[in-house]
>>> print(open('query-v7.cif').read())   # mmCIF, C-alpha atoms and all ligand atoms
data_work
loop_
_atom_site.group_PDB
_atom_site.id
_atom_site.type_symbol
_atom_site.label_atom_id
_atom_site.label_comp_id
_atom_site.auth_asym_id
_atom_site.auth_seq_id
_atom_site.Cartn_x
_atom_site.Cartn_y
_atom_site.Cartn_z
ATOM 1 C CA MET A 1 14.296 3.852 -25.824
ATOM 2 C CA THR A 2 16.650 4.819 -23.058
ATOM 3 C CA GLU A 3 17.142 3.147 -19.758
ATOM 4 C CA GLN A 4 15.286 5.976 -18.080
ATOM 5 C CA THR A 5 12.261 6.057 -20.329
ATOM 6 C CA SER A 6 11.896 2.302 -20.096
ATOM 7 C CA LEU A 7 11.678 2.322 -16.331
ATOM 8 C CA ARG A 8 8.478 1.834 -14.511
ATOM 9 C CA GLY A 9 7.595 1.456 -10.886
ATOM 10 C CA ASN A 10 10.199 0.752 -8.304
ATOM 11 C CA VAL A 11 13.495 0.791 -10.149
ATOM 12 C CA ARG A 12 14.951 4.234 -10.089
ATOM 13 C CA SER A 13 17.527 5.189 -12.628
ATOM 14 C CA GLY A 14 20.260 7.531 -11.562
ATOM 15 C CA ARG A 15 22.432 9.334 -13.998
ATOM 16 C CA THR A 16 23.925 12.715 -14.557
ATOM 17 C CA ARG A 17 23.717 14.648 -17.736
ATOM 18 C CA SER A 18 26.813 16.747 -17.464
ATOM 19 C CA GLY A 19 29.655 14.302 -17.568
ATOM 20 C CA GLY A 20 28.900 13.550 -14.022
ATOM 21 C CA THR A 21 31.052 15.957 -12.116
ATOM 22 C CA SER A 22 28.276 18.300 -11.072
ATOM 23 C CA GLN A 23 26.768 16.246 -8.282
ATOM 24 C CA LYS A 24 28.439 16.677 -4.998
ATOM 25 C CA SER A 25 28.410 13.318 -3.314
ATOM 26 C CA ALA A 26 24.706 12.879 -3.978
ATOM 27 C CA PRO A 27 24.822 9.162 -3.164
ATOM 28 C CA ALA A 28 26.599 9.920 0.095
ATOM 29 C CA ARG A 29 23.845 12.337 1.039
ATOM 30 C CA ALA A 30 21.218 9.839 -0.041
ATOM 31 C CA GLY A 31 22.982 7.176 1.991
ATOM 32 C CA ALA A 32 23.081 9.358 5.084
ATOM 33 C CA GLN A 33 19.415 10.246 4.698
ATOM 34 C CA ALA A 34 18.408 6.675 4.088
ATOM 35 C CA ALA A 35 20.252 5.636 7.211
ATOM 36 C CA LYS A 36 17.641 7.622 9.112
ATOM 37 C CA SER A 37 14.551 6.853 7.054
ATOM 38 C CA GLY A 38 15.173 3.455 5.439
ATOM 39 C CA PHE A 39 17.750 0.899 4.400
ATOM 40 C CA GLY A 40 20.115 2.876 2.174
ATOM 41 C CA LYS A 41 22.251 0.343 0.325
ATOM 42 C CA LYS A 42 19.964 -0.432 -2.550
ATOM 43 C CA THR A 43 21.938 0.916 -5.463
ATOM 44 C CA ILE A 44 23.415 -1.670 -7.814
ATOM 45 C CA ALA A 45 26.355 -0.516 -9.933
ATOM 46 C CA LEU A 46 27.386 -2.207 -13.157
ATOM 47 C CA VAL A 47 30.852 -0.886 -13.971
ATOM 48 C CA TYR A 48 32.397 -1.346 -17.401
ATOM 49 C CA ASP A 49 35.714 -1.037 -19.107
ATOM 50 C CA PHE A 50 35.162 0.232 -22.672
ATOM 51 C CA ASP A 51 37.766 -0.965 -25.199
ATOM 52 C CA GLY A 52 37.433 -4.690 -25.772
ATOM 53 C CA THR A 53 34.550 -4.875 -23.299
ATOM 54 C CA LEU A 54 31.721 -2.843 -24.859
ATOM 55 C CA SER A 55 33.526 -2.168 -28.133
ATOM 56 C CA PRO A 56 35.623 -4.677 -30.099
ATOM 57 C CA ARG A 57 38.676 -2.445 -30.696
ATOM 58 C CA PRO A 58 40.379 0.501 -29.002
ATOM 59 C CA MET A 59 38.171 3.527 -29.646
ATOM 60 C CA GLN A 60 40.973 5.507 -31.305
ATOM 61 C CA GLU A 61 41.185 2.949 -34.093
ATOM 62 C CA TYR A 62 37.753 3.625 -35.533
ATOM 63 C CA THR A 63 38.202 7.206 -36.534
ATOM 64 C CA PHE A 64 41.041 9.201 -35.018
ATOM 65 C CA LEU A 65 43.893 7.079 -36.362
ATOM 66 C CA PRO A 66 42.364 6.731 -39.867
ATOM 67 C CA LYS A 67 41.766 10.494 -39.899
ATOM 68 C CA ILE A 68 45.445 11.194 -39.339
ATOM 69 C CA GLY A 69 46.472 8.419 -41.717
ATOM 70 C CA GLU A 70 47.969 6.118 -39.069
ATOM 71 C CA ASP A 71 47.969 2.362 -39.235
ATOM 72 C CA PRO A 72 46.683 1.248 -35.783
ATOM 73 C CA LYS A 73 49.218 -1.563 -35.365
ATOM 74 C CA ALA A 74 52.140 0.708 -36.248
ATOM 75 C CA PHE A 75 50.772 3.443 -33.969
ATOM 76 C CA TRP A 76 50.435 1.252 -30.874
ATOM 77 C CA ARG A 77 53.836 -0.302 -31.561
ATOM 78 C CA GLU A 78 55.407 3.144 -31.692
ATOM 79 C CA CYS A 79 53.595 4.148 -28.470
ATOM 80 C CA ASN A 80 54.900 1.099 -26.650
ATOM 81 C CA GLU A 81 58.429 1.485 -27.972
ATOM 82 C CA THR A 82 58.555 5.186 -27.137
ATOM 83 C CA ALA A 83 57.149 4.620 -23.672
ATOM 84 C CA ARG A 84 59.675 1.886 -23.005
ATOM 85 C CA ALA A 85 62.619 3.848 -24.384
ATOM 86 C CA GLN A 86 61.698 6.938 -22.386
ATOM 87 C CA ASP A 87 60.450 5.177 -19.238
ATOM 88 C CA ALA A 88 57.229 7.043 -19.888
ATOM 89 C CA ASP A 89 53.699 6.102 -18.946
ATOM 90 C CA PRO A 90 52.243 4.342 -22.025
ATOM 91 C CA LEU A 91 48.912 6.119 -21.686
ATOM 92 C CA ILE A 92 50.416 9.605 -21.512
ATOM 93 C CA THR A 93 52.559 8.591 -24.458
ATOM 94 C CA TYR A 94 49.578 7.566 -26.597
ATOM 95 C CA MET A 95 47.671 10.734 -25.735
ATOM 96 C CA HIS A 96 50.661 12.857 -26.683
ATOM 97 C CA LEU A 97 51.548 10.938 -29.844
ATOM 98 C CA MET A 98 48.005 11.147 -31.226
ATOM 99 C CA TYR A 99 48.137 14.911 -31.361
ATOM 100 C CA LYS A 100 51.792 15.157 -32.259
ATOM 101 C CA LYS A 101 51.079 13.072 -35.336
ATOM 102 C CA ALA A 102 47.889 14.961 -36.169
ATOM 103 C CA LYS A 103 49.859 18.209 -36.066
ATOM 104 C CA ALA A 104 52.674 16.780 -38.177
ATOM 105 C CA ARG A 105 50.116 15.826 -40.811
ATOM 106 C CA GLY A 106 48.374 19.176 -40.633
ATOM 107 C CA VAL A 107 45.110 17.688 -39.318
ATOM 108 C CA ARG A 108 43.294 19.822 -36.785
ATOM 109 C CA ILE A 109 41.054 17.875 -34.393
ATOM 110 C CA ASP A 110 39.448 19.951 -31.660
ATOM 111 C CA ARG A 111 37.192 18.800 -28.853
ATOM 112 C CA ASP A 112 34.008 18.879 -30.935
ATOM 113 C CA ASP A 113 35.690 16.856 -33.677
ATOM 114 C CA LEU A 114 36.767 14.285 -31.130
ATOM 115 C CA VAL A 115 33.215 14.022 -29.766
ATOM 116 C CA ALA A 116 31.889 13.659 -33.325
ATOM 117 C CA LEU A 117 34.327 10.781 -33.875
ATOM 118 C CA GLY A 118 32.543 8.862 -31.126
ATOM 119 C CA ARG A 119 29.556 8.296 -33.371
ATOM 120 C CA ASP A 120 31.443 5.747 -35.435
ATOM 121 C CA VAL A 121 32.708 3.613 -32.572
ATOM 122 C CA GLU A 122 31.477 0.054 -33.024
ATOM 123 C CA LEU A 123 29.752 -1.758 -30.159
ATOM 124 C CA PHE A 124 29.393 -5.471 -29.450
ATOM 125 C CA PRO A 125 26.036 -7.049 -30.369
ATOM 126 C CA GLY A 126 23.229 -6.179 -27.994
ATOM 127 C CA VAL A 127 25.014 -3.348 -26.170
ATOM 128 C CA ASP A 128 22.373 -0.830 -27.278
ATOM 129 C CA GLU A 129 19.520 -2.846 -25.771
ATOM 130 C CA TRP A 130 21.465 -4.078 -22.723
ATOM 131 C CA PHE A 131 20.761 -1.085 -20.481
ATOM 132 C CA GLY A 132 17.002 -1.219 -20.972
ATOM 133 C CA ALA A 133 16.987 -5.011 -20.596
ATOM 134 C CA MET A 134 18.916 -4.866 -17.296
ATOM 135 C CA ALA A 135 16.564 -2.203 -15.914
ATOM 136 C CA GLU A 136 13.623 -4.337 -16.892
ATOM 137 C CA TYR A 137 15.135 -7.437 -15.295
ATOM 138 C CA ILE A 138 15.740 -5.681 -11.998
ATOM 139 C CA GLN A 139 12.275 -4.145 -12.170
ATOM 140 C CA ILE A 140 10.751 -7.620 -12.343
ATOM 141 C CA ARG A 141 13.060 -9.260 -9.791
ATOM 142 C CA SER A 142 13.137 -6.531 -7.185
ATOM 143 C CA GLU A 143 9.444 -6.398 -6.402
ATOM 144 C CA LEU A 144 10.097 -7.586 -2.874
ATOM 145 C CA SER A 145 12.721 -4.945 -2.329
ATOM 146 C CA GLN A 146 11.244 -1.609 -3.313
ATOM 147 C CA GLY A 147 13.495 1.271 -4.255
ATOM 148 C CA VAL A 148 16.376 -0.600 -5.862
ATOM 149 C CA GLU A 149 18.345 1.704 -8.152
ATOM 150 C CA LEU A 150 20.441 0.495 -11.075
ATOM 151 C CA ARG A 151 23.386 2.503 -12.319
ATOM 152 C CA HIS A 152 25.898 1.968 -15.094
ATOM 153 C CA TYR A 153 29.406 3.418 -14.859
ATOM 154 C CA LEU A 154 32.279 3.502 -17.288
ATOM 155 C CA ILE A 155 35.930 3.497 -16.236
ATOM 156 C CA SER A 156 38.199 3.685 -19.271
ATOM 157 C CA SER A 157 41.738 4.560 -20.253
ATOM 158 C CA GLY A 158 40.193 5.786 -23.501
ATOM 159 C CA LEU A 159 38.970 9.303 -24.073
ATOM 160 C CA VAL A 160 36.053 11.073 -22.400
ATOM 161 C CA GLU A 161 35.505 13.075 -25.570
ATOM 162 C CA ILE A 162 35.083 10.073 -27.875
ATOM 163 C CA ILE A 163 32.854 8.298 -25.340
ATOM 164 C CA GLU A 164 30.730 11.434 -25.112
ATOM 165 C CA GLY A 165 29.953 11.073 -28.802
ATOM 166 C CA THR A 166 28.878 7.431 -28.604
ATOM 167 C CA ARG A 167 25.178 6.668 -28.653
ATOM 168 C CA ILE A 168 25.326 4.808 -25.318
ATOM 169 C CA ARG A 169 26.746 7.730 -23.273
ATOM 170 C CA PRO A 170 23.288 8.752 -21.931
ATOM 171 C CA HIS A 171 22.929 5.386 -20.197
ATOM 172 C CA PHE A 172 25.866 5.998 -17.872
ATOM 173 C CA HIS A 173 25.427 7.604 -14.494
ATOM 174 C CA ASN A 174 29.037 8.719 -14.746
ATOM 175 C CA VAL A 175 32.013 8.236 -17.042
ATOM 176 C CA PHE A 176 35.569 8.226 -15.750
ATOM 177 C CA ALA A 177 38.057 8.276 -18.601
ATOM 178 C CA SER A 178 41.219 9.940 -19.782
ATOM 179 C CA GLU A 179 40.682 13.477 -20.995
ATOM 180 C CA TYR A 180 42.438 16.335 -22.771
ATOM 181 C CA TRP A 181 42.885 19.957 -21.972
ATOM 182 C CA PHE A 182 42.390 21.796 -25.223
ATOM 183 C CA ASP A 183 42.936 25.455 -24.491
ATOM 184 C CA PRO A 184 46.028 26.184 -22.474
ATOM 185 C CA TYR A 185 48.683 24.540 -24.612
ATOM 186 C CA ASP A 186 49.956 24.425 -28.140
ATOM 187 C CA LEU A 187 48.992 20.757 -28.408
ATOM 188 C CA PRO A 188 46.072 19.302 -26.430
ATOM 189 C CA TYR A 189 47.539 18.165 -23.135
ATOM 190 C CA PRO A 190 46.462 15.183 -21.004
ATOM 191 C CA LYS A 191 44.206 16.546 -18.276
ATOM 192 C CA ARG A 192 43.504 13.181 -16.725
ATOM 193 C CA VAL A 193 45.086 9.845 -17.520
ATOM 194 C CA ILE A 194 43.413 6.712 -16.228
ATOM 195 C CA THR A 195 45.883 3.872 -15.918
ATOM 196 C CA ASP A 196 45.084 0.237 -15.098
ATOM 197 C CA THR A 197 45.720 0.678 -11.393
ATOM 198 C CA GLY A 198 44.338 4.221 -11.465
ATOM 199 C CA LYS A 199 40.990 2.707 -12.433
ATOM 200 C CA THR A 200 40.612 1.345 -8.920
ATOM 201 C CA GLN A 201 40.424 4.884 -7.520
ATOM 202 C CA TYR A 202 37.161 5.317 -9.417
ATOM 203 C CA LEU A 203 35.741 2.110 -7.992
ATOM 204 C CA PHE A 204 36.290 3.607 -4.551
ATOM 205 C CA ARG A 205 34.702 6.866 -5.693
ATOM 206 C CA ILE A 206 31.589 4.915 -6.717
ATOM 207 C CA ASN A 207 31.735 2.935 -3.460
ATOM 208 C CA LYS A 208 32.052 6.050 -1.291
ATOM 209 C CA GLY A 209 29.750 8.254 -3.363
ATOM 210 C CA ILE A 210 32.521 10.770 -3.963
ATOM 211 C CA GLU A 211 32.221 11.138 -7.706
ATOM 212 C CA LYS A 212 33.209 14.776 -8.012
ATOM 213 C CA LEU A 213 36.812 14.538 -9.085
ATOM 214 C CA GLY A 214 37.872 17.631 -7.148
ATOM 215 C CA ASP A 215 36.827 15.986 -3.869
ATOM 216 C CA SER A 216 39.469 13.894 -2.149
ATOM 217 C CA ILE A 217 38.870 10.166 -2.083
ATOM 218 C CA ASN A 218 41.481 9.299 0.514
ATOM 219 C CA GLU A 219 39.718 10.254 3.704
ATOM 220 C CA HIS A 220 38.536 7.285 5.731
ATOM 221 C CA MET A 221 34.847 6.471 5.447
ATOM 222 C CA PRO A 222 33.408 3.690 7.628
ATOM 223 C CA GLU A 223 31.828 0.850 5.619
ATOM 224 C CA ALA A 224 28.397 1.648 7.024
ATOM 225 C CA GLU A 225 28.456 5.106 5.447
ATOM 226 C CA ARG A 226 29.444 3.992 1.952
ATOM 227 C CA PRO A 227 26.399 4.278 -0.310
ATOM 228 C CA ILE A 228 27.279 1.534 -2.833
ATOM 229 C CA PRO A 229 28.955 -1.453 -1.145
ATOM 230 C CA PHE A 230 31.272 -3.474 -3.390
ATOM 231 C CA SER A 231 28.892 -6.395 -2.897
ATOM 232 C CA ASN A 232 26.390 -4.413 -5.022
ATOM 233 C CA MET A 233 28.873 -4.034 -7.876
ATOM 234 C CA ILE A 234 29.689 -6.058 -10.964
ATOM 235 C CA TYR A 235 32.818 -5.069 -12.897
ATOM 236 C CA PHE A 236 33.014 -5.966 -16.604
ATOM 237 C CA GLY A 237 36.419 -6.105 -18.310
ATOM 238 C CA ASP A 238 38.279 -7.917 -21.034
ATOM 239 C CA GLY A 239 41.900 -8.368 -20.103
ATOM 240 C CA ASP A 240 45.075 -7.708 -18.174
ATOM 241 C CA THR A 241 44.374 -3.993 -17.900
ATOM 242 C CA ASP A 242 41.306 -4.914 -15.837
ATOM 243 C CA VAL A 243 43.120 -7.134 -13.369
ATOM 244 C CA PRO A 244 43.579 -4.443 -10.684
ATOM 245 C CA SER A 245 39.896 -3.436 -10.915
ATOM 246 C CA MET A 246 38.691 -7.041 -10.845
ATOM 247 C CA ALA A 247 40.962 -7.809 -7.907
ATOM 248 C CA VAL A 248 39.835 -4.764 -5.899
ATOM 249 C CA THR A 249 36.175 -5.438 -6.641
ATOM 250 C CA ARG A 250 36.314 -9.109 -5.711
ATOM 251 C CA LYS A 251 38.536 -8.687 -2.652
ATOM 252 C CA ASN A 252 35.989 -6.246 -1.297
ATOM 253 C CA GLY A 253 33.078 -8.635 -1.766
ATOM 254 C CA GLY A 254 32.029 -7.567 -5.259
ATOM 255 C CA HIS A 255 31.756 -9.425 -8.536
ATOM 256 C CA ALA A 256 33.579 -9.444 -11.850
ATOM 257 C CA ILE A 257 32.803 -10.774 -15.299
ATOM 258 C CA ALA A 258 35.437 -11.108 -18.014
ATOM 259 C CA VAL A 259 34.318 -10.841 -21.637
ATOM 260 C CA HIS A 260 35.984 -11.819 -24.884
ATOM 261 C CA ALA A 261 35.411 -11.346 -28.586
ATOM 262 C CA GLY A 262 35.359 -15.075 -29.323
ATOM 263 C CA GLY A 263 37.973 -17.321 -30.908
ATOM 264 C CA LYS A 264 41.467 -17.049 -29.480
ATOM 265 C CA ALA A 265 40.488 -14.140 -27.268
ATOM 266 C CA ARG A 266 38.711 -16.645 -25.016
ATOM 267 C CA THR A 267 42.066 -17.876 -23.675
ATOM 268 C CA LYS A 268 42.635 -14.579 -21.872
ATOM 269 C CA CYS A 269 39.318 -14.996 -20.051
ATOM 270 C CA VAL A 270 40.059 -18.616 -19.171
ATOM 271 C CA ASN A 271 43.306 -17.470 -17.573
ATOM 272 C CA LEU A 272 41.553 -14.687 -15.654
ATOM 273 C CA PHE A 273 38.994 -17.217 -14.436
ATOM 274 C CA LYS A 274 41.651 -19.732 -13.402
ATOM 275 C CA ALA A 275 43.516 -17.002 -11.530
ATOM 276 C CA GLY A 276 40.351 -16.170 -9.603
ATOM 277 C CA ARG A 277 40.036 -12.702 -11.132
ATOM 278 C CA CYS A 278 36.426 -13.121 -12.211
ATOM 279 C CA ASP A 279 33.276 -14.926 -11.097
ATOM 280 C CA PHE A 280 32.346 -15.705 -14.691
ATOM 281 C CA PHE A 281 33.470 -15.134 -18.237
ATOM 282 C CA ALA A 282 31.492 -15.069 -21.457
ATOM 283 C CA GLN A 283 31.619 -13.891 -25.022
ATOM 284 C CA ALA A 284 30.856 -10.176 -25.344
ATOM 285 C CA ASP A 285 27.369 -10.794 -26.646
ATOM 286 C CA TYR A 286 25.018 -8.497 -24.758
ATOM 287 C CA ARG A 287 21.827 -9.747 -26.356
ATOM 288 C CA ARG A 288 19.032 -11.114 -24.212
ATOM 289 C CA GLY A 289 19.453 -14.843 -23.627
ATOM 290 C CA SER A 290 23.229 -14.894 -24.260
ATOM 291 C CA GLU A 291 25.606 -16.511 -21.782
ATOM 292 C CA LEU A 292 26.737 -13.059 -20.715
ATOM 293 C CA PHE A 293 23.141 -12.012 -20.138
ATOM 294 C CA LYS A 294 22.368 -15.134 -18.095
ATOM 295 C CA ARG A 295 25.511 -14.942 -15.980
ATOM 296 C CA THR A 296 25.024 -11.254 -15.294
ATOM 297 C CA THR A 297 21.417 -11.727 -14.230
ATOM 298 C CA LEU A 298 22.478 -14.655 -12.035
ATOM 299 C CA LEU A 299 24.821 -12.324 -10.147
ATOM 300 C CA ILE A 300 22.090 -9.690 -10.019
ATOM 301 C CA ASP A 301 19.742 -12.252 -8.441
ATOM 302 C CA ARG A 302 22.359 -12.834 -5.775
ATOM 303 C CA ILE A 303 22.864 -9.097 -5.187
ATOM 304 C CA LEU A 304 19.102 -8.575 -4.900
ATOM 305 C CA ALA A 305 18.840 -11.458 -2.424
ATOM 306 C CA ASP A 306 21.703 -9.963 -0.392
ATOM 307 C CA ILE A 307 19.985 -6.588 -0.374
ATOM 308 C CA ARG A 308 16.794 -8.202 0.953
ATOM 309 C CA VAL A 309 18.677 -10.068 3.685
ATOM 310 C CA GLN A 310 20.544 -6.946 4.748
ATOM 311 C CA GLU A 311 17.401 -4.864 4.681
ATOM 312 C CA GLU A 312 15.620 -7.388 6.897
ATOM 313 C CA THR A 313 18.549 -7.413 9.334
ATOM 314 C CA TRP A 314 18.521 -3.620 9.341
ATOM 315 C CA ARG A 315 14.752 -3.599 10.090
ATOM 316 C CA MET A 316 15.139 -6.067 12.947
ATOM 317 C CA ALA A 317 17.980 -4.062 14.451
ATOM 318 C CA ARG A 318 15.844 -0.906 14.296
ATOM 319 C CA ALA A 319 12.853 -2.679 15.825
ATOM 320 C CA ILE A 320 14.947 -3.846 18.792
ATOM 321 C CA GLU A 321 16.209 -0.328 19.432
ATOM 322 C CA ARG A 322 12.677 1.065 19.762
HETATM 323 MG MG MG A 401 39.732 -3.243 -22.285
#
>>> encode(input="query-v7.cif", output="structure tokens", more="lines below")
Ligand SMILES: [Mg+2]
Amino acid sequence: MTEQTSLRGNVRSGRTRSGGTSQKSAPARAGAQAAKSGFGKKTIALVYDFDGTLSPRPMQEYTFLPKIGEDPKAFWRECNETARAQDADPLITYMHLMYKKAKARGVRIDRDDLVALGRDVELFPGVDEWFGAMAEYIQIRSELSQGVELRHYLISSGLVEIIEGTRIRPHFHNVFASEYWFDPYDLPYPKRVITDTGKTQYLFRINKGIEKLGDSINEHMPEAERPIPFSNMIYFGDGDTDVPSMAVTRKNGGHAIAVHAGGKARTKCVNLFKAGRCDFFAQADYRRGSELFKRTTLLIDRILADIRVQEETWRMARAIER
């Protein structure tokens, strides 16, 4: 059952089917309309990193690297060494090296193959049911605030193509990830590379409702016109690469949760928590009743309460003007 089919009543689910670039600032339009007809800031955005957050390992390790006969550890080591030696961006380096090595080994992997590889990407326990469970939770809790919409977004340095092949892709309103250009070059060429700091651009795109990547994000937009305030956002990440996104989200009034795979990996989250990067941390167990589930819904309760307070203020202000 998908998030959409499981929805009843007042929780609207928003998502695009086409990789998300087809809608021209729909939230911005909705926000502008709502400003006339009703309180417009009722969209909650749960924004996720992918590798290490929803999936235990980097997505390339499940299928692409085995397919070209690469040992993951050796591959990432070579990426880092090459990037350092050449003063190159590590993400561009990994995207280039993947295909350089595939070619050297005579393995042809086109876009469709890459999408097909997504099917084998492993997810943390409960991820499949998480989207439906969150929709249901908001459905129950938002009865006093009709018209709350829940959206899930993905911002990843991994590959759009692999994510497209995963079974959870349909739950995302939009996916922002690194991507290849397959046609114009001898080897597939990075079309878009999403670095750690680059991720923050996409948070602002969600915030401003400018999700079409061809539209400029830099123009000033007053807070009042931004359809999804940061205070309605929760960012989920697992490590240092998420620090810029967590910092931007929290500094702008939003929330962040750090997740870990258990064992030693917990230390990273403890450090993020101590450094004030996240509101909470928890093991990446997405099943109902887990610590992650409880802490997420606690933040959602707060967001819903905030929405009600703001909506009431908005109503009063309108009543006075009449
Ligand atoms: Mg990660």
>>> residues_around(input="query-v7.cif", residues="Pro58 in chain A", least_positions_apart="4", cutoff="10 Å", atoms="all atoms listed in the file", output="list in words")
Phe50, Asp51, Gly52, Thr53, Tyr62, Pro72, Val121, Glu122, Ser157 and Gly158 of chain A
>>> closest_residue(input="query-v7.cif", among="A:Gly69, A:Gly209, A:Pro90, A:Gly126", to="Ala104 in chain A", atoms="all atoms listed in the file")
A:Gly69
>>> residues_near_ligand(input="query-v7.cif", ligand="ligand MG 401 (chain A)", cutoff="10 Å", atoms="all atoms listed in the file", output="list of chain:residue names")
A:Tyr48, A:Asp49, A:Phe50, A:Asp51, A:Gly52, A:Thr53, A:Leu54, A:Ser55, A:Pro56, A:Arg57, A:Pro58, A:Ile155, A:Ser156, A:Ser157, A:Gly158, A:Asp196, A:Phe236, A:Gly237, A:Asp238, A:Gly239, A:Asp240, A:Thr241, A:Asp242, A:Ala258, A:Val259, A:His260
>>> residues_near_point(input="query-v7.cif", point="(48.0, 3.4, -32.7)", cutoff="12 Å", atoms="all atoms listed in the file", output="ChimeraX atom specification")
/A:57-81,90-91,93-99,101
>>> resolve_selection(input="query-v7.cif", expression="the PyMOL selection byres (((chain A and resi 146) around 12) and not hetatm)", output="VMD selection string")
chain A and resid 9 to 12 38 to 43 138 to 145 147 to 149 304 307 to 308 311
>>> resolve_selection(input="query-v7.cif", expression="the PyMOL selection byres (((chain A and resi 278) around 9) and not hetatm)", output="count of residues only")
18
>>> closest_residue(input="query-v7.cif", among="A:Thr197, A:Ala133, A:Lys191, A:Asn232", to="Arg288 in chain A", atoms="all atoms listed in the file")
A:Ala133
>>> residues_around(input="query-v7.cif", residues="range 206-208 of chain A", least_positions_apart="2", cutoff="7 Å", atoms="only C-alpha atoms", output="ChimeraX atom specification")
/A:28,202-204,210-211,226-230
>>> residues_around(input="query-v7.cif", residues="Asp110 in chain A", least_positions_apart="2", cutoff="12 Å", atoms="all atoms listed in the file", output="PyMOL selection string")
chain A and resi 64+99+102-103+107-108+112-117+161-162+180-183+186-189
>>> resolve_selection(input="query-v7.cif", expression="the PyMOL selection byres (((chain A and resi 131) around 9) and not hetatm)", output="MDAnalysis selection string")
chainID A and resid 2:3 127:130 132:136 152 168 171
>>> atom_distance(input="query-v7.cif", atom1="CA of Arg295 in chain A", atom2="CA of Leu46 in chain A")
13.2 Å
>>> closest_residue(input="query-v7.cif", among="A:Ser231, A:Leu154, A:Gln310, A:Gln201", to="Gly253 in chain A", atoms="only C-alpha atoms")
A:Ser231
>>> atom_distance(input="query-v7.cif", atom1="CA of Ser290 in chain A", atom2="CA of Ile303 in chain A")
19.9 Å
>>> atom_distance(input="query-v7.cif", atom1="CA of Ile163 in chain A", atom2="CA of Thr249 in chain A")
23.4 Å
>>> axis_aligned_box(input="query-v7.cif", around="range 97-104 of chain A", padding_each_side="6 Å", output="JSON")
{"center_x": 50.3, "center_y": 14.6, "center_z": -34.0, "size_x": 16.8, "size_y": 19.3, "size_z": 20.3}
>>> closest_residue(input="query-v7.cif", among="A:Gly198, A:Gly118, A:Gly254, A:Pro222", to="Val47 in chain A", atoms="all atoms listed in the file")
A:Gly254
>>> closest_residue(input="query-v7.cif", among="A:Ala319, A:Ala305, A:Ala261, A:Val160", to="Asn174 in chain A", atoms="all atoms listed in the file")
A:Val160
>>> decode(input="query-v7.cif", residues="range 129-159 of chain A", atoms="C-alpha atoms", output="mmCIF file, in the first residue's frame")
data_model
loop_
_atom_site.group_PDB
_atom_site.id
_atom_site.type_symbol
_atom_site.label_atom_id
_atom_site.label_comp_id
_atom_site.auth_asym_id
_atom_site.auth_seq_id
_atom_site.Cartn_x
_atom_site.Cartn_y
_atom_site.Cartn_z
ATOM 1 C CA GLU A 129 5.959 0.882 5.989
ATOM 2 C CA TRP A 130 7.245 4.224 7.318
ATOM 3 C CA PHE A 131 5.583 6.435 4.706
ATOM 4 C CA GLY A 132 2.122 4.971 5.230
ATOM 5 C CA ALA A 133 2.563 5.029 9.016
ATOM 6 C CA MET A 134 3.571 8.718 9.018
ATOM 7 C CA ALA A 135 0.591 9.646 6.828
ATOM 8 C CA GLU A 136 -1.675 7.767 9.173
ATOM 9 C CA TYR A 137 -0.176 9.453 12.232
ATOM 10 C CA ILE A 138 -0.667 12.922 10.803
ATOM 11 C CA GLN A 139 -4.165 11.974 9.681
ATOM 12 C CA ILE A 140 -5.080 11.134 13.271
ATOM 13 C CA ARG A 141 -3.264 14.062 14.903
ATOM 14 C CA SER A 142 -4.230 16.806 12.499
ATOM 15 C CA GLU A 143 -7.982 16.607 12.898
ATOM 16 C CA LEU A 144 -8.058 20.077 14.393
ATOM 17 C CA SER A 145 -6.062 21.496 11.537
ATOM 18 C CA GLN A 146 -7.714 20.429 8.311
ATOM 19 C CA GLY A 147 -5.740 20.337 5.095
ATOM 20 C CA VAL A 148 -2.312 19.395 6.413
ATOM 21 C CA GLU A 149 -0.191 17.888 3.645
ATOM 22 C CA LEU A 150 2.716 15.527 4.255
ATOM 23 C CA ARG A 151 5.556 15.257 1.782
ATOM 24 C CA HIS A 152 8.728 13.200 1.695
ATOM 25 C CA TYR A 153 11.820 14.457 -0.128
ATOM 26 C CA LEU A 154 15.162 12.875 -0.830
ATOM 27 C CA ILE A 155 18.399 14.840 -1.141
ATOM 28 C CA SER A 156 21.299 12.527 -1.941
ATOM 29 C CA SER A 157 24.806 12.575 -3.339
ATOM 30 C CA GLY A 158 23.953 9.144 -4.733
ATOM 31 C CA LEU A 159 22.415 8.554 -8.121
#
